[in-house]
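A quick write-up on the structure given underneath.
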Amino acid sequence: MSQPKTAVLLVNLGSPDQPTPAAVRRYLKEFLSDRRVVEGDGIMRLVWLTVLNGIILTFRPRKVAKLYASIWDQDSPLRLILNQQVAALQLALQQTSPDQDIQVFAAMTYGNPGLSARLEELTQAGYRKILVLPLYPQYSATTTAPIYDLIARFQLKTRHFPDIRVVQDYHDHPLYIRALAESVQAFRTANPKSDKLVLSYHGIPQEYADKGDPYPEHCHRTSELLAKELGLTTDQWQTTFQSRFGPKAWLQPYTDKTLEKLPESGVKRVDIICPAFSADCLETLEEIAVENRDVFLSAGGEQYHYIPALNTEQGMIRLLVALVKQNSSGWFNLARTDNEQNEISNAS
Ligand SMILES: C=CC1=C(C)c2cc3[nH]c(cc4nc(cc5[nH]c(cc1n2)c(C)c5CCC(=O)O)C(CCC(=O)O)=C4C)c(C)c3C=C
Ligand SMILES: [Fe+2]
Ligand SMILES: [Fe+2]
């Protein structure tokens, strides 16, 4: 019996098409109009849309386009790396499961290649099984949930939709923790010693966490597991939250405020890693590697190293292969090799 056509969709947030004010404006309009990202009903929604269209989309695109231009490399790093992750996962699946025909594709929640268009395209091309793998290790209603929303919208308008599964999160997956730990260890072997490892996660408004978003718990769990894997004592690591947007309180402690204070408490050398970002992007390459370096060094810090995202590191691809296999059970016989089974058992 022939197998139904099967696809894996790696999904990340999205970037503008170009580092220009017009393209950034289109991107921010789509992103910041999402009710999952900026919540609020009734009058609050009207107020937000007025502020968004009247102030934010007038002034922010010019500033943000310049920041994108400073990290642009023919394309946005986020999209470039997503495409590289797709190619690396495709190759790894072919090598580990040569009998199974699984095609891997890229998609983004906002901008291009859009998730909705991808789902339509794959359905028309005859894919009947689709595994959607959001590249957010920690679940949040602001990032993972919009992917479920787009899938639901697609299903509502499609008569015979494929069997779609979604990987909800992998914040405590042994191979994720292992990949992060290997990345930190490799970095530390190649660089001078530091006093502290700062684990900086993208923030969300505190109000969303108070209403039940499990994101901060997921972040803290990832940090604890990583610190344990690395054998760090409590004074050797700290969790912080970056990328604050707007006047309301976001998850704390804030990354920039923490980096400003660390030198006066005697911490002069930091390594900083951003575990919530599976690919380097504006928020890591500019905000963390450039802006926050200035903050730390201006406050008296002496050494500041940003440890890159997992991107296409071997540990990341090993994790993606494991997630595909674990979440496609019953679709086909993707037997784990003895090696993979041992790695999962040893890591847990
Ligand atoms: C209310 C606003 C925002 C929430 C909530 C939010 C959550 C959130 N975002 C990411 C991952 C990324 N965010 C990125 C950029 C970015 N984020 C916001 C706002 C919110 N994010 C904005 C406005 C922007 C664009 C840049 C700017 O105008 O400042 C990116 C980078 C995209 C790129 O092209 O490089 C990522 C990735 C997570 C993980 C998260 C909550 C858990
Ligand atoms: Fe964001
Ligand atoms: Fe930012």
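Letters for chains follow the order of the structure tokens (A, B, ...), residue numbers begin at 1 for each chain, and ligand numbers begin at 1 in the order shown.
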
A:Arg269 surroundings by only C-alpha atoms, 10 Å radius, close-in-sequence under 5 positions cut, as JSON, numbers by chain | {"A": [192, 193, 194, 195, 196, 197, 262, 263, 296, 297, 300, 301, 302, 303, 304, 305]}

Print the selection's residues with C-alpha atoms to a file, as a PDB file, in the first residue's frame.
```pdb
ATOM      1  CA  PRO A 192      37.707  33.222  27.963  1.00  0.00           C
ATOM      2  CA  LYS A 193      36.007  32.342  31.252  1.00  0.00           C
ATOM      3  CA  SER A 194      32.988  34.394  32.388  1.00  0.00           C
ATOM      4  CA  ASP A 195      31.439  35.138  35.806  1.00  0.00           C
ATOM      5  CA  LYS A 196      27.816  34.475  34.894  1.00  0.00           C
ATOM      6  CA  LEU A 197      25.591  32.910  32.246  1.00  0.00           C
ATOM      7  CA  LEU A 262      25.572  43.396  37.229  1.00  0.00           C
ATOM      8  CA  PRO A 263      28.962  45.229  37.065  1.00  0.00           C
ATOM      9  CA  PHE A 296      26.712  46.226  29.963  1.00  0.00           C
ATOM     10  CA  LEU A 297      30.038  47.726  28.900  1.00  0.00           C
ATOM     11  CA  GLY A 300      31.410  48.989  33.831  1.00  0.00           C
ATOM     12  CA  GLY A 301      31.239  45.449  32.423  1.00  0.00           C
ATOM     13  CA  GLU A 302      34.479  44.168  30.910  1.00  0.00           C
ATOM     14  CA  GLN A 303      33.613  41.143  28.799  1.00  0.00           C
ATOM     15  CA  TYR A 304      30.349  40.323  27.049  1.00  0.00           C
ATOM     16  CA  HIS A 305      29.772  37.327  24.792  1.00  0.00           C
TER      17      HIS A 305
END
```

Taking a cut-off of 7 Å and counting only C-alpha atoms and all ligand atoms, can you build a table that, for each residue of chain A near ligand 1, reports the nearest atom pair and how far apart they are in Å (one decimal), sorted by chain then residue number, as a Markdown table?
```
| residue | atom | partner | partner_atom_place_in_ligand_line | distance |
| --- | --- | --- | --- | --- |
| A:Leu13 | CA | ligand 1 | 37 (C) | 5.6 |
| A:Gly14 | CA | ligand 1 | 34 (O) | 5.5 |
| A:Ser15 | CA | ligand 1 | 34 (O) | 3.5 |
| A:Pro16 | CA | ligand 1 | 34 (O) | 6.4 |
| A:Leu28 | CA | ligand 1 | 23 (C) | 6.4 |
| A:Leu32 | CA | ligand 1 | 2 (C) | 6.7 |
| A:Val37 | CA | ligand 1 | 5 (C) | 4.8 |
| A:Val38 | CA | ligand 1 | 1 (C) | 5.1 |
| A:Arg60 | CA | ligand 1 | 28 (O) | 6.8 |
| A:Val64 | CA | ligand 1 | 28 (O) | 5.6 |
| A:Ser76 | CA | ligand 1 | 34 (O) | 6.2 |
| A:Pro77 | CA | ligand 1 | 35 (O) | 6.7 |
| A:Leu78 | CA | ligand 1 | 35 (O) | 5.3 |
| A:Tyr136 | CA | ligand 1 | 39 (C) | 6.4 |
| A:Ser140 | CA | ligand 1 | 42 (C) | 5.4 |
| A:Thr142 | CA | ligand 1 | 5 (C) | 5.4 |
| A:Thr143 | CA | ligand 1 | 41 (C) | 5.6 |
| A:His202 | CA | ligand 1 | 38 (C) | 5.2 |
| A:Gly203 | CA | ligand 1 | 41 (C) | 5.8 |
| A:Ile204 | CA | ligand 1 | 5 (C) | 4.6 |
| A:Pro205 | CA | ligand 1 | 5 (C) | 6.4 |
| A:Tyr215 | CA | ligand 1 | 42 (C) | 6.7 |
| A:Ser243 | CA | ligand 1 | 17 (N) | 6.9 |
| A:Phe245 | CA | ligand 1 | 2 (C) | 5.6 |
| A:Ala276 | CA | ligand 1 | 39 (C) | 5.7 |
| A:Phe277 | CA | ligand 1 | 37 (C) | 6.1 |
| A:Cys281 | CA | ligand 1 | 35 (O) | 3.7 |
| A:Leu282 | CA | ligand 1 | 35 (O) | 3.8 |
| A:Glu283 | CA | ligand 1 | 31 (C) | 5.3 |
```

Out of A:Gln124, A:Gln84, A:Ser298, A:Ser223, which residue has the shortest atom-to-atom distance to A:Glu264 when counting only C-alpha atoms?
->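 Checking each candidate against A:Glu264, we get A:Ser298 as the closest.
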
May I ask which of the residues A:Gln18, A:Thr234, A:Ser183, A:Asn327 is the closest one to A:Ile273, counting only C-alpha atoms?
->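 Among the listed residues, the smallest separation from A:Ile273 belongs to A:Ser183.
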
Taking into account only C-alpha atoms and all ligand atoms, which residue in the set A:Gly246, A:Glu182, A:Val290, A:Ala299 is nearest to ligand 2?
->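 Ranked by minimum distance to ligand 2, first place goes to A:Gly246.
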
What is the atom CA of A:Pro61-atom CA of A:Thr284 distance in Å, reported with one decimal?
->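 Atom CA of A:Thr284 lies 18.7 Å from atom CA of A:Pro61.
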
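Atom CA of A:Pro247 lies 26.0 Å from atom CA of A:Gly111.
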
Residues within 8 Å of A:Leu150, only C-alpha atoms, excluding chain neighbours under 3 positions, as a list of chain:residue names = A:Thr109, A:Leu115, A:Ser116, A:Pro146, A:Ile147, A:Arg153, A:Phe154

What does the file look like for those residues with C-alpha atoms, as an mmCIF file, in the first residue's frame?
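New file out_14.cif:
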```cif
data_model
loop_
_atom_site.group_PDB
_atom_site.id
_atom_site.type_symbol
_atom_site.label_atom_id
_atom_site.label_comp_id
_atom_site.auth_asym_id
_atom_site.auth_seq_id
_atom_site.Cartn_x
_atom_site.Cartn_y
_atom_site.Cartn_z
ATOM 1 C CA THR A 109 3.089 33.152 10.994
ATOM 2 C CA LEU A 115 1.520 29.474 6.899
ATOM 3 C CA SER A 116 -2.004 29.801 5.429
ATOM 4 C CA PRO A 146 -1.514 32.074 16.514
ATOM 5 C CA ILE A 147 -0.247 29.038 14.590
ATOM 6 C CA ARG A 153 -9.023 29.214 9.927
ATOM 7 C CA PHE A 154 -7.679 27.046 7.100
#
```

Would you list the contacts of A:Pro137 as a ChimeraX atom specification, taking every protein, DNA or RNA residue within 7 Å and counting only C-alpha atoms, but skipping same-chain residues closer than 3 positions in sequence?
-> /A:169-171,276

Output file for the residues above (C-alpha atoms, as a PDB file, in the first residue's frame):
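What ended up in out.pdb:
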```pdb
ATOM      1  CA  ASP A 169       6.249  22.891  22.898  1.00  0.00           C
ATOM      2  CA  TYR A 170       9.569  21.263  23.739  1.00  0.00           C
ATOM      3  CA  HIS A 171      10.861  23.450  26.599  1.00  0.00           C
ATOM      4  CA  ALA A 276      13.586  30.996  23.312  1.00  0.00           C
TER       5      ALA A 276
END
```
